[in-house]
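A.B. asks: Sharing structure-v3.csv, CSV, N, CA, C and O atoms and all ligand atoms:
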chain,number,residue,atom,x,y,z
D,1,MET,N,-23.3,-30.1,133.5
D,1,MET,CA,-23.5,-30.7,134.8
D,1,MET,C,-22.6,-31.9,134.9
D,1,MET,O,-22.6,-32.8,134.0
D,2,THR,N,-21.7,-32.0,135.8
D,2,THR,CA,-20.8,-33.1,136.0
D,2,THR,C,-21.3,-34.0,137.0
D,2,THR,O,-21.6,-33.6,138.2
D,3,ARG,N,-21.4,-35.3,136.7
D,3,ARG,CA,-21.8,-36.3,137.7
D,3,ARG,C,-20.5,-36.7,138.4
D,3,ARG,O,-19.4,-36.8,137.9
D,4,LYS,N,-20.8,-37.1,139.7
D,4,LYS,CA,-19.7,-37.7,140.5
D,4,LYS,C,-20.0,-39.1,140.7
D,4,LYS,O,-21.2,-39.5,140.7
D,5,TRP,N,-19.0,-39.9,141.0
D,5,TRP,CA,-19.3,-41.3,141.3
D,5,TRP,C,-18.4,-41.8,142.5
D,5,TRP,O,-17.4,-41.2,142.8
D,6,ILE,N,-18.9,-42.8,143.1
D,6,ILE,CA,-18.2,-43.5,144.1
D,6,ILE,C,-18.4,-45.0,144.0
D,6,ILE,O,-19.5,-45.4,143.6
D,7,ASP,N,-17.4,-45.7,144.3
D,7,ASP,CA,-17.4,-47.2,144.1
D,7,ASP,C,-17.0,-47.9,145.4
D,7,ASP,O,-15.9,-47.7,145.9
D,8,CYS,N,-17.9,-48.6,146.0
D,8,CYS,CA,-17.6,-49.3,147.2
D,8,CYS,C,-16.4,-50.2,147.1
D,8,CYS,O,-15.8,-50.5,148.1
D,9,ARG,N,-16.1,-50.7,145.9
D,9,ARG,CA,-15.0,-51.6,145.8
D,9,ARG,C,-13.7,-50.9,146.1
D,9,ARG,O,-12.7,-51.6,146.3
D,10,ASP,N,-13.7,-49.6,146.0
D,10,ASP,CA,-12.5,-48.8,146.4
D,10,ASP,C,-12.2,-48.9,147.9
D,10,ASP,O,-11.1,-48.5,148.3
D,11,PHE,N,-13.2,-49.3,148.6
D,11,PHE,CA,-13.1,-49.3,150.1
D,11,PHE,C,-13.5,-50.6,150.6
D,11,PHE,O,-14.5,-50.8,151.3
D,12,PRO,N,-12.7,-51.6,150.3
D,12,PRO,CA,-13.1,-53.0,150.7
D,12,PRO,C,-13.3,-53.2,152.2
D,12,PRO,O,-12.5,-52.7,153.0
D,13,ASP,N,-14.3,-53.9,152.5
D,13,ASP,CA,-14.5,-54.3,153.9
D,13,ASP,C,-15.0,-55.7,153.9
D,13,ASP,O,-15.1,-56.4,152.8
D,14,ASP,N,-15.4,-56.3,155.0
D,14,ASP,CA,-15.8,-57.7,155.0
D,14,ASP,C,-17.2,-58.0,154.4
D,14,ASP,O,-17.6,-59.1,154.3
D,15,THR,N,-17.9,-56.9,153.9
D,15,THR,CA,-19.1,-57.2,153.2
D,15,THR,C,-18.9,-57.6,151.8
D,15,THR,O,-19.8,-58.1,151.1
D,16,GLY,N,-17.7,-57.2,151.2
D,16,GLY,CA,-17.5,-57.4,149.8
D,16,GLY,C,-18.4,-56.7,148.9
D,16,GLY,O,-18.7,-57.1,147.8
D,17,CYS,N,-18.9,-55.5,149.4
D,17,CYS,CA,-19.8,-54.7,148.6
D,17,CYS,C,-19.3,-54.2,147.3
D,17,CYS,O,-18.1,-53.8,147.3
D,18,THR,N,-20.1,-54.3,146.3
D,18,THR,CA,-19.6,-53.8,145.0
D,18,THR,C,-20.5,-52.7,144.4
D,18,THR,O,-20.5,-52.4,143.2
D,19,LEU,N,-21.2,-52.0,145.3
D,19,LEU,CA,-22.1,-50.9,144.9
D,19,LEU,C,-21.4,-49.8,144.2
D,19,LEU,O,-20.3,-49.4,144.7
D,20,TYR,N,-21.9,-49.3,143.1
D,20,TYR,CA,-21.4,-48.1,142.4
D,20,TYR,C,-22.5,-47.1,142.3
D,20,TYR,O,-23.6,-47.5,141.9
D,21,LEU,N,-22.2,-45.9,142.7
D,21,LEU,CA,-23.3,-44.9,142.7
D,21,LEU,C,-22.7,-43.7,141.8
D,21,LEU,O,-21.6,-43.3,142.0
D,22,SER,N,-23.6,-43.1,141.0
D,22,SER,CA,-23.2,-41.9,140.3
D,22,SER,C,-24.4,-41.0,140.1
D,22,SER,O,-25.5,-41.4,140.1
D,23,GLY,N,-24.1,-39.7,140.1
D,23,GLY,CA,-25.1,-38.7,140.0
D,23,GLY,C,-24.5,-37.4,140.5
D,23,GLY,O,-23.3,-37.2,140.7
D,24,GLU,N,-25.4,-36.4,140.6
D,24,GLU,CA,-25.0,-35.1,141.1
D,24,GLU,C,-24.5,-35.3,142.6
D,24,GLU,O,-25.0,-36.2,143.3
D,25,GLU,N,-23.6,-34.5,142.9
D,25,GLU,CA,-22.9,-34.7,144.2
D,25,GLU,C,-23.9,-34.8,145.4
D,25,GLU,O,-23.7,-35.8,146.2
D,26,ASP,N,-24.8,-34.0,145.5
D,26,ASP,CA,-25.8,-34.0,146.6
D,26,ASP,C,-26.5,-35.4,146.6
D,26,ASP,O,-26.8,-35.9,147.7
D,27,HIS,N,-26.9,-35.8,145.4
D,27,HIS,CA,-27.7,-37.1,145.3
D,27,HIS,C,-26.8,-38.3,145.7
D,27,HIS,O,-27.3,-39.2,146.4
D,28,VAL,N,-25.6,-38.3,145.2
D,28,VAL,CA,-24.7,-39.4,145.5
D,28,VAL,C,-24.4,-39.4,147.0
D,28,VAL,O,-24.4,-40.5,147.7
D,29,LEU,N,-24.1,-38.2,147.6
D,29,LEU,CA,-23.8,-38.2,149.0
D,29,LEU,C,-25.0,-38.7,149.8
D,29,LEU,O,-24.8,-39.4,150.8
D,30,ARG,N,-26.2,-38.3,149.5
D,30,ARG,CA,-27.4,-38.8,150.2
D,30,ARG,C,-27.5,-40.3,150.1
D,30,ARG,O,-27.7,-41.0,151.1
D,31,ALA,N,-27.4,-40.8,148.9
D,31,ALA,CA,-27.6,-42.2,148.7
D,31,ALA,C,-26.5,-43.0,149.3
D,31,ALA,O,-26.7,-44.1,149.9
D,32,VAL,N,-25.3,-42.5,149.2
D,32,VAL,CA,-24.2,-43.3,149.8
D,32,VAL,C,-24.2,-43.3,151.3
D,32,VAL,O,-23.9,-44.2,152.0
D,33,ALA,N,-24.7,-42.2,151.9
D,33,ALA,CA,-24.8,-42.1,153.3
D,33,ALA,C,-25.9,-43.1,153.8
D,33,ALA,O,-25.7,-43.8,154.8
D,34,GLU,N,-27.0,-43.1,153.1
D,34,GLU,CA,-28.1,-44.1,153.5
D,34,GLU,C,-27.6,-45.5,153.3
D,34,GLU,O,-27.8,-46.4,154.1
D,35,HIS,N,-26.8,-45.8,152.2
D,35,HIS,CA,-26.3,-47.1,152.0
D,35,HIS,C,-25.3,-47.5,153.1
D,35,HIS,O,-25.3,-48.6,153.6
D,36,ALA,N,-24.4,-46.5,153.5
D,36,ALA,CA,-23.4,-46.8,154.5
D,36,ALA,C,-24.1,-47.2,155.8
D,36,ALA,O,-23.6,-48.1,156.5
D,37,VAL,N,-25.2,-46.6,156.1
D,37,VAL,CA,-25.9,-46.9,157.3
D,37,VAL,C,-26.6,-48.2,157.2
D,37,VAL,O,-26.5,-49.1,158.1
D,38,SER,N,-27.4,-48.4,156.2
D,38,SER,CA,-28.2,-49.6,156.1
D,38,SER,C,-27.4,-50.8,155.8
D,38,SER,O,-27.8,-51.9,156.2
D,39,PHE,N,-26.4,-50.7,155.0
D,39,PHE,CA,-25.6,-51.9,154.6
D,39,PHE,C,-24.4,-52.1,155.4
D,39,PHE,O,-24.0,-53.2,155.7
D,40,HIS,N,-23.6,-51.0,155.6
D,40,HIS,CA,-22.3,-51.2,156.2
D,40,HIS,C,-22.4,-50.9,157.7
D,40,HIS,O,-21.4,-51.0,158.4
D,41,GLY,N,-23.6,-50.5,158.2
D,41,GLY,CA,-23.7,-50.3,159.7
D,41,GLY,C,-23.0,-49.1,160.2
D,41,GLY,O,-22.6,-49.1,161.4
D,42,MET,N,-22.7,-48.2,159.3
D,42,MET,CA,-22.0,-46.9,159.8
D,42,MET,C,-23.0,-46.0,160.4
D,42,MET,O,-24.2,-46.1,160.2
D,43,GLN,N,-22.5,-44.9,161.0
D,43,GLN,CA,-23.3,-43.9,161.5
D,43,GLN,C,-23.3,-42.7,160.6
D,43,GLN,O,-22.2,-42.3,160.2
D,44,ASP,N,-24.5,-42.2,160.2
D,44,ASP,CA,-24.5,-41.0,159.3
D,44,ASP,C,-24.3,-39.8,160.1
D,44,ASP,O,-25.1,-39.3,160.8
D,45,THR,N,-23.0,-39.3,159.9
D,45,THR,CA,-22.6,-38.0,160.6
D,45,THR,C,-22.1,-37.0,159.6
D,45,THR,O,-21.8,-37.4,158.5
D,46,PRO,N,-22.1,-35.8,160.0
D,46,PRO,CA,-21.5,-34.8,159.0
D,46,PRO,C,-20.0,-35.2,158.7
D,46,PRO,O,-19.6,-34.9,157.5
D,47,GLU,N,-19.3,-35.8,159.6
D,47,GLU,CA,-17.9,-36.2,159.3
D,47,GLU,C,-17.9,-37.3,158.2
D,47,GLU,O,-17.0,-37.3,157.4
D,48,LEU,N,-18.9,-38.2,158.4
D,48,LEU,CA,-18.9,-39.3,157.4
D,48,LEU,C,-19.2,-38.7,156.0
D,48,LEU,O,-18.6,-39.1,155.0
D,49,ARG,N,-20.1,-37.8,155.9
D,49,ARG,CA,-20.5,-37.2,154.6
D,49,ARG,C,-19.3,-36.4,154.1
D,49,ARG,O,-19.0,-36.4,152.9
D,50,ASP,N,-18.5,-35.7,154.9
D,50,ASP,CA,-17.3,-35.0,154.5
D,50,ASP,C,-16.3,-36.0,153.9
D,50,ASP,O,-15.7,-35.7,152.9
D,51,LYS,N,-16.2,-37.1,154.6
D,51,LYS,CA,-15.3,-38.2,154.1
D,51,LYS,C,-15.7,-38.7,152.7
D,51,LYS,O,-14.9,-38.7,151.8
D,52,PHE,N,-17.0,-38.9,152.6
D,52,PHE,CA,-17.5,-39.4,151.3
D,52,PHE,C,-17.3,-38.3,150.2
D,52,PHE,O,-16.9,-38.6,149.1
D,53,ARG,N,-17.5,-37.1,150.6
D,53,ARG,CA,-17.4,-36.0,149.6
D,53,ARG,C,-16.0,-36.0,149.1
D,53,ARG,O,-15.8,-35.7,147.9
D,54,GLY,N,-15.0,-36.2,150.0
D,54,GLY,CA,-13.6,-36.2,149.5
D,54,GLY,C,-13.3,-37.4,148.7
D,54,GLY,O,-12.2,-37.4,148.0
D,55,MET,N,-14.1,-38.4,148.7
D,55,MET,CA,-13.8,-39.6,147.9
D,55,MET,C,-14.5,-39.6,146.5
D,55,MET,O,-14.2,-40.5,145.7
D,56,LEU,N,-15.4,-38.7,146.3
D,56,LEU,CA,-16.2,-38.7,145.1
D,56,LEU,C,-15.2,-38.3,143.9
D,56,LEU,O,-14.3,-37.5,144.1
D,57,LYS,N,-15.4,-39.0,142.8
D,57,LYS,CA,-14.6,-38.7,141.6
D,57,LYS,C,-15.5,-38.2,140.5
D,57,LYS,O,-16.7,-38.5,140.4
D,58,GLU,N,-14.9,-37.3,139.7
D,58,GLU,CA,-15.7,-36.8,138.6
D,58,GLU,C,-15.8,-37.8,137.5
D,58,GLU,O,-14.8,-38.4,137.1
D,59,GLU,N,-17.0,-37.9,136.9
D,59,GLU,CA,-17.3,-38.7,135.8
D,59,GLU,C,-16.7,-38.0,134.6
D,59,GLU,O,-16.9,-36.9,134.3
D,60,GLU,N,-16.0,-38.8,133.8
D,60,GLU,CA,-15.4,-38.2,132.6
D,60,GLU,C,-16.5,-38.1,131.5
D,60,GLU,O,-17.2,-39.1,131.3
D,61,VAL,N,-16.6,-37.0,130.9
D,61,VAL,CA,-17.6,-36.7,129.9
D,61,VAL,C,-17.0,-36.9,128.5
D,61,VAL,O,-16.2,-36.1,128.1
D,62,GLY,N,-17.5,-38.0,127.9
D,62,GLY,CA,-17.0,-38.4,126.6
D,62,GLY,C,-16.2,-37.4,125.7
D,62,GLY,O,-15.0,-37.3,125.9
D,63,SER,N,-16.8,-36.7,124.8
D,63,SER,CA,-16.1,-36.0,123.8
D,63,SER,C,-15.9,-34.5,124.2
D,63,SER,O,-15.1,-33.8,123.5
D,64,SER,N,-16.6,-34.0,125.1
D,64,SER,CA,-16.5,-32.6,125.4
D,64,SER,C,-15.3,-32.2,126.2
D,64,SER,O,-15.2,-32.7,127.3
D,65,ARG,N,-14.5,-31.4,125.7
D,65,ARG,CA,-13.3,-31.0,126.4
D,65,ARG,C,-13.2,-29.5,126.5
D,65,ARG,O,-13.5,-28.8,125.5
D,66,ALA,N,-12.9,-29.0,127.6
D,66,ALA,CA,-12.8,-27.6,127.8
D,66,ALA,C,-11.5,-27.0,127.2
D,66,ALA,O,-10.5,-27.7,127.3
P,1,ZN,ZN,-21.3,-50.6,150.0
Could you take the file, read its structure, and then write that structure out as structure tokens?
C.D. replies:
Amino acid sequence: MTRKWIDCRDFPDDTGCTLYLSGEEDHVLRAVAEHAVSFHGMQDTPELRDKFRGMLKEEEVGSSRA
């Protein structure tokens, strides 16, 4: 299972938010969408979630290499 992460610092705005979220894609997307609405005043739309999905990065897993 690969976790994905997203870091608000990659998308600076005037809130100066530094939130970092990581987990399974669905969980991160849900959490980040709620955060975007409650903290950044964005609208939770399918387009917004698509945008976040495209911004997720894969967490590197220490020693296991394929
Ligand atoms: Zn944020």
A.B. asks: Residues of chain D in strand (DSSP E or B) according to DSSP, as a list of chain:residue names?
C.D. replies: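 DSSP on the backbone gives strand (DSSP E or B) at D:Lys4, D:Trp5, D:Ile6, D:Asp7, D:Tyr20, D:Leu21, D:Ser22, D:Gly23, D:Lys57, D:Glu58.
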A.B. asks: Write a file of the selected residues as a PDB file, keeping the file's coordinate frame, keeping N, CA, C and O atoms.
C.D. replies:
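Result file is selection.pdb:
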ATOM      1  N   LYS D   4     -20.800 -37.100 139.700  1.00  0.00           N
ATOM      2  CA  LYS D   4     -19.700 -37.700 140.500  1.00  0.00           C
ATOM      3  C   LYS D   4     -20.000 -39.100 140.700  1.00  0.00           C
ATOM      4  O   LYS D   4     -21.200 -39.500 140.700  1.00  0.00           O
ATOM      5  N   TRP D   5     -19.000 -39.900 141.000  1.00  0.00           N
ATOM      6  CA  TRP D   5     -19.300 -41.300 141.300  1.00  0.00           C
ATOM      7  C   TRP D   5     -18.400 -41.800 142.500  1.00  0.00           C
ATOM      8  O   TRP D   5     -17.400 -41.200 142.800  1.00  0.00           O
ATOM      9  N   ILE D   6     -18.900 -42.800 143.100  1.00  0.00           N
ATOM     10  CA  ILE D   6     -18.200 -43.500 144.100  1.00  0.00           C
ATOM     11  C   ILE D   6     -18.400 -45.000 144.000  1.00  0.00           C
ATOM     12  O   ILE D   6     -19.500 -45.400 143.600  1.00  0.00           O
ATOM     13  N   ASP D   7     -17.400 -45.700 144.300  1.00  0.00           N
ATOM     14  CA  ASP D   7     -17.400 -47.200 144.100  1.00  0.00           C
ATOM     15  C   ASP D   7     -17.000 -47.900 145.400  1.00  0.00           C
ATOM     16  O   ASP D   7     -15.900 -47.700 145.900  1.00  0.00           O
ATOM     17  N   TYR D  20     -21.900 -49.300 143.100  1.00  0.00           N
ATOM     18  CA  TYR D  20     -21.400 -48.100 142.400  1.00  0.00           C
ATOM     19  C   TYR D  20     -22.500 -47.100 142.300  1.00  0.00           C
ATOM     20  O   TYR D  20     -23.600 -47.500 141.900  1.00  0.00           O
ATOM     21  N   LEU D  21     -22.200 -45.900 142.700  1.00  0.00           N
ATOM     22  CA  LEU D  21     -23.300 -44.900 142.700  1.00  0.00           C
ATOM     23  C   LEU D  21     -22.700 -43.700 141.800  1.00  0.00           C
ATOM     24  O   LEU D  21     -21.600 -43.300 142.000  1.00  0.00           O
ATOM     25  N   SER D  22     -23.600 -43.100 141.000  1.00  0.00           N
ATOM     26  CA  SER D  22     -23.200 -41.900 140.300  1.00  0.00           C
ATOM     27  C   SER D  22     -24.400 -41.000 140.100  1.00  0.00           C
ATOM     28  O   SER D  22     -25.500 -41.400 140.100  1.00  0.00           O
ATOM     29  N   GLY D  23     -24.100 -39.700 140.100  1.00  0.00           N
ATOM     30  CA  GLY D  23     -25.100 -38.700 140.000  1.00  0.00           C
ATOM     31  C   GLY D  23     -24.500 -37.400 140.500  1.00  0.00           C
ATOM     32  O   GLY D  23     -23.300 -37.200 140.700  1.00  0.00           O
ATOM     33  N   LYS D  57     -15.400 -39.000 142.800  1.00  0.00           N
ATOM     34  CA  LYS D  57     -14.600 -38.700 141.600  1.00  0.00           C
ATOM     35  C   LYS D  57     -15.500 -38.200 140.500  1.00  0.00           C
ATOM     36  O   LYS D  57     -16.700 -38.500 140.400  1.00  0.00           O
ATOM     37  N   GLU D  58     -14.900 -37.300 139.700  1.00  0.00           N
ATOM     38  CA  GLU D  58     -15.700 -36.800 138.600  1.00  0.00           C
ATOM     39  C   GLU D  58     -15.800 -37.800 137.500  1.00  0.00           C
ATOM     40  O   GLU D  58     -14.800 -38.400 137.100  1.00  0.00           O
TER      41      GLU D  58
END
A.B. asks: Name the residues in contact with Trp5 in chain D at a cut-off of 6 Å, using all atoms listed in the file, excluding same-chain residues fewer than 5 positions from it; report them as a PyMOL selection string.
C.D. replies: chain D and resi 21-23+55-59
A.B. asks: Between atom N of Glu47 in chain D and atom C of Arg9 in chain D, what is the spacing in Å?
C.D. replies: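 A separation of 21.0 Å between them.
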A.B. asks: Please identify the residues whose atoms come within 7 Å of ligand ZN 1 (chain P), using only C-alpha atoms and all ligand atoms, and report them as a PyMOL selection string.
C.D. replies: chain D and resi 8+17-19+35-36+39-40
A.B. asks: Taking into account all atoms listed in the file, which residue in the set D:Asp10, D:Tyr20, D:Val28, D:Thr2 is nearest to Glu60 in chain D?
C.D. replies: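 Under the stated criterion, the closest residue is D:Thr2.
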A.B. asks: Could you tell me, as a PyMOL selection string, which residues of chain D DSSP assigns to alpha helix (DSSP H) when given the backbone?
C.D. replies: chain D and resi 25-38+46-55
A.B. asks: Please list as a compact mmCIF listing (two decimals) with N, CA, C and O atoms, in the coordinates of the input every residue within 8 Å of Ala33 in chain D, counting only N, CA, C and O atoms and excluding residues in the same chain fewer than 5 positions away.
C.D. replies:
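This is the output file part_20.txt:
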# COMPACT_ATOMS: atom_id res chain seq x y z
N ASP D 26 -24.80 -34.00 145.50
CA ASP D 26 -25.80 -34.00 146.60
C ASP D 26 -26.50 -35.40 146.60
O ASP D 26 -26.80 -35.90 147.70
N HIS D 27 -26.90 -35.80 145.40
CA HIS D 27 -27.70 -37.10 145.30
C HIS D 27 -26.80 -38.30 145.70
O HIS D 27 -27.30 -39.20 146.40
N VAL D 28 -25.60 -38.30 145.20
CA VAL D 28 -24.70 -39.40 145.50
C VAL D 28 -24.40 -39.40 147.00
O VAL D 28 -24.40 -40.50 147.70
N SER D 38 -27.40 -48.40 156.20
CA SER D 38 -28.20 -49.60 156.10
C SER D 38 -27.40 -50.80 155.80
O SER D 38 -27.80 -51.90 156.20
N PHE D 39 -26.40 -50.70 155.00
CA PHE D 39 -25.60 -51.90 154.60
C PHE D 39 -24.40 -52.10 155.40
O PHE D 39 -24.00 -53.20 155.70
N HIS D 40 -23.60 -51.00 155.60
CA HIS D 40 -22.30 -51.20 156.20
C HIS D 40 -22.40 -50.90 157.70
O HIS D 40 -21.40 -51.00 158.40
N GLY D 41 -23.60 -50.50 158.20
CA GLY D 41 -23.70 -50.30 159.70
C GLY D 41 -23.00 -49.10 160.20
O GLY D 41 -22.60 -49.10 161.40
N MET D 42 -22.70 -48.20 159.30
CA MET D 42 -22.00 -46.90 159.80
C MET D 42 -23.00 -46.00 160.40
O MET D 42 -24.20 -46.10 160.20
N GLN D 43 -22.50 -44.90 161.00
CA GLN D 43 -23.30 -43.90 161.50
C GLN D 43 -23.30 -42.70 160.60
O GLN D 43 -22.20 -42.30 160.20
N ASP D 44 -24.50 -42.20 160.20
CA ASP D 44 -24.50 -41.00 159.30
C ASP D 44 -24.30 -39.80 160.10
O ASP D 44 -25.10 -39.30 160.80
N THR D 45 -23.00 -39.30 159.90
CA THR D 45 -22.60 -38.00 160.60
C THR D 45 -22.10 -37.00 159.60
O THR D 45 -21.80 -37.40 158.50
N LEU D 48 -18.90 -38.20 158.40
CA LEU D 48 -18.90 -39.30 157.40
C LEU D 48 -19.20 -38.70 156.00
O LEU D 48 -18.60 -39.10 155.00
N ARG D 49 -20.10 -37.80 155.90
CA ARG D 49 -20.50 -37.20 154.60
C ARG D 49 -19.30 -36.40 154.10
O ARG D 49 -19.00 -36.40 152.90
N PHE D 52 -17.00 -38.90 152.60
CA PHE D 52 -17.50 -39.40 151.30
C PHE D 52 -17.30 -38.30 150.20
O PHE D 52 -16.90 -38.60 149.10
A.B. asks: Please report the interatomic distance between CA of Lys4 in chain D and CA of Val61 in chain D in Å with one decimal.
C.D. replies: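 CA of Val61 in chain D lies 10.9 Å from CA of Lys4 in chain D.
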A.B. asks: Give me, please, the distance in Å between CA of Phe11 in chain D and CA of Gly62 in chain D, quoted to one decimal.
C.D. replies: 26.2 Å
A.B. asks: Write range 34-43 of chain D as a PDB file, in the coordinates of the input, completed to all heavy atoms.
C.D. replies:
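Output saved as result.pdb:
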ATOM      1  N   GLU D  34     -27.000 -43.100 153.100  1.00  0.00           N
ATOM      2  CA  GLU D  34     -28.100 -44.100 153.500  1.00  0.00           C
ATOM      3  C   GLU D  34     -27.600 -45.500 153.300  1.00  0.00           C
ATOM      4  O   GLU D  34     -27.800 -46.400 154.100  1.00  0.00           O
ATOM      5  CB  GLU D  34     -29.304 -43.876 152.600  1.00  0.00           C
ATOM      6  CG  GLU D  34     -30.026 -42.608 153.002  1.00  0.00           C
ATOM      7  CD  GLU D  34     -31.159 -42.255 152.044  1.00  0.00           C
ATOM      8  OE1 GLU D  34     -31.398 -43.008 151.071  1.00  0.00           O
ATOM      9  OE2 GLU D  34     -31.798 -41.225 152.275  1.00  0.00           O
ATOM     10  N   HIS D  35     -26.800 -45.800 152.200  1.00  0.00           N
ATOM     11  CA  HIS D  35     -26.300 -47.100 152.000  1.00  0.00           C
ATOM     12  C   HIS D  35     -25.300 -47.500 153.100  1.00  0.00           C
ATOM     13  O   HIS D  35     -25.300 -48.600 153.600  1.00  0.00           O
ATOM     14  CB  HIS D  35     -25.602 -47.110 150.603  1.00  0.00           C
ATOM     15  CG  HIS D  35     -24.772 -48.321 150.345  1.00  0.00           C
ATOM     16  ND1 HIS D  35     -25.321 -49.563 150.143  1.00  0.00           N
ATOM     17  CD2 HIS D  35     -23.423 -48.494 150.300  1.00  0.00           C
ATOM     18  CE1 HIS D  35     -24.331 -50.441 149.967  1.00  0.00           C
ATOM     19  NE2 HIS D  35     -23.175 -49.818 150.062  1.00  0.00           N
ATOM     20  N   ALA D  36     -24.400 -46.500 153.500  1.00  0.00           N
ATOM     21  CA  ALA D  36     -23.400 -46.800 154.500  1.00  0.00           C
ATOM     22  C   ALA D  36     -24.100 -47.200 155.800  1.00  0.00           C
ATOM     23  O   ALA D  36     -23.600 -48.100 156.500  1.00  0.00           O
ATOM     24  CB  ALA D  36     -22.519 -45.601 154.683  1.00  0.00           C
ATOM     25  N   VAL D  37     -25.200 -46.600 156.100  1.00  0.00           N
ATOM     26  CA  VAL D  37     -25.900 -46.900 157.300  1.00  0.00           C
ATOM     27  C   VAL D  37     -26.600 -48.200 157.200  1.00  0.00           C
ATOM     28  O   VAL D  37     -26.500 -49.100 158.100  1.00  0.00           O
ATOM     29  CB  VAL D  37     -26.931 -45.762 157.652  1.00  0.00           C
ATOM     30  CG1 VAL D  37     -27.829 -46.183 158.810  1.00  0.00           C
ATOM     31  CG2 VAL D  37     -26.219 -44.458 157.981  1.00  0.00           C
ATOM     32  N   SER D  38     -27.400 -48.400 156.200  1.00  0.00           N
ATOM     33  CA  SER D  38     -28.200 -49.600 156.100  1.00  0.00           C
ATOM     34  C   SER D  38     -27.400 -50.800 155.800  1.00  0.00           C
ATOM     35  O   SER D  38     -27.800 -51.900 156.200  1.00  0.00           O
ATOM     36  CB  SER D  38     -29.334 -49.382 155.049  1.00  0.00           C
ATOM     37  OG  SER D  38     -28.789 -49.294 153.757  1.00  0.00           O
ATOM     38  N   PHE D  39     -26.400 -50.700 155.000  1.00  0.00           N
ATOM     39  CA  PHE D  39     -25.600 -51.900 154.600  1.00  0.00           C
ATOM     40  C   PHE D  39     -24.400 -52.100 155.400  1.00  0.00           C
ATOM     41  O   PHE D  39     -24.000 -53.200 155.700  1.00  0.00           O
ATOM     42  CB  PHE D  39     -25.333 -51.828 153.070  1.00  0.00           C
ATOM     43  CG  PHE D  39     -24.868 -53.142 152.502  1.00  0.00           C
ATOM     44  CD1 PHE D  39     -25.783 -54.121 152.146  1.00  0.00           C
ATOM     45  CD2 PHE D  39     -23.517 -53.407 152.343  1.00  0.00           C
ATOM     46  CE1 PHE D  39     -25.356 -55.345 151.652  1.00  0.00           C
ATOM     47  CE2 PHE D  39     -23.081 -54.627 151.836  1.00  0.00           C
ATOM     48  CZ  PHE D  39     -24.005 -55.597 151.495  1.00  0.00           C
ATOM     49  N   HIS D  40     -23.600 -51.000 155.600  1.00  0.00           N
ATOM     50  CA  HIS D  40     -22.300 -51.200 156.200  1.00  0.00           C
ATOM     51  C   HIS D  40     -22.400 -50.900 157.700  1.00  0.00           C
ATOM     52  O   HIS D  40     -21.400 -51.000 158.400  1.00  0.00           O
ATOM     53  CB  HIS D  40     -21.288 -50.228 155.586  1.00  0.00           C
ATOM     54  CG  HIS D  40     -20.982 -50.606 154.163  1.00  0.00           C
ATOM     55  ND1 HIS D  40     -20.095 -51.594 153.823  1.00  0.00           N
ATOM     56  CD2 HIS D  40     -21.487 -50.143 152.986  1.00  0.00           C
ATOM     57  CE1 HIS D  40     -20.042 -51.712 152.500  1.00  0.00           C
ATOM     58  NE2 HIS D  40     -20.885 -50.847 151.970  1.00  0.00           N
ATOM     59  N   GLY D  41     -23.600 -50.500 158.200  1.00  0.00           N
ATOM     60  CA  GLY D  41     -23.700 -50.300 159.700  1.00  0.00           C
ATOM     61  C   GLY D  41     -23.000 -49.100 160.200  1.00  0.00           C
ATOM     62  O   GLY D  41     -22.600 -49.100 161.400  1.00  0.00           O
ATOM     63  N   MET D  42     -22.700 -48.200 159.300  1.00  0.00           N
ATOM     64  CA  MET D  42     -22.000 -46.900 159.800  1.00  0.00           C
ATOM     65  C   MET D  42     -23.000 -46.000 160.400  1.00  0.00           C
ATOM     66  O   MET D  42     -24.200 -46.100 160.200  1.00  0.00           O
ATOM     67  CB  MET D  42     -21.280 -46.269 158.615  1.00  0.00           C
ATOM     68  CG  MET D  42     -20.153 -47.110 158.040  1.00  0.00           C
ATOM     69  SD  MET D  42     -19.475 -46.286 156.582  1.00  0.00           S
ATOM     70  CE  MET D  42     -18.173 -47.431 156.138  1.00  0.00           C
ATOM     71  N   GLN D  43     -22.500 -44.900 161.000  1.00  0.00           N
ATOM     72  CA  GLN D  43     -23.300 -43.900 161.500  1.00  0.00           C
ATOM     73  C   GLN D  43     -23.300 -42.700 160.600  1.00  0.00           C
ATOM     74  O   GLN D  43     -22.200 -42.300 160.200  1.00  0.00           O
ATOM     75  CB  GLN D  43     -22.783 -43.395 162.896  1.00  0.00           C
ATOM     76  CG  GLN D  43     -22.863 -44.479 163.946  1.00  0.00           C
ATOM     77  CD  GLN D  43     -23.632 -44.006 165.164  1.00  0.00           C
ATOM     78  OE1 GLN D  43     -23.605 -42.834 165.505  1.00  0.00           O
ATOM     79  NE2 GLN D  43     -24.325 -44.910 165.825  1.00  0.00           N
TER      80      GLN D  43
END
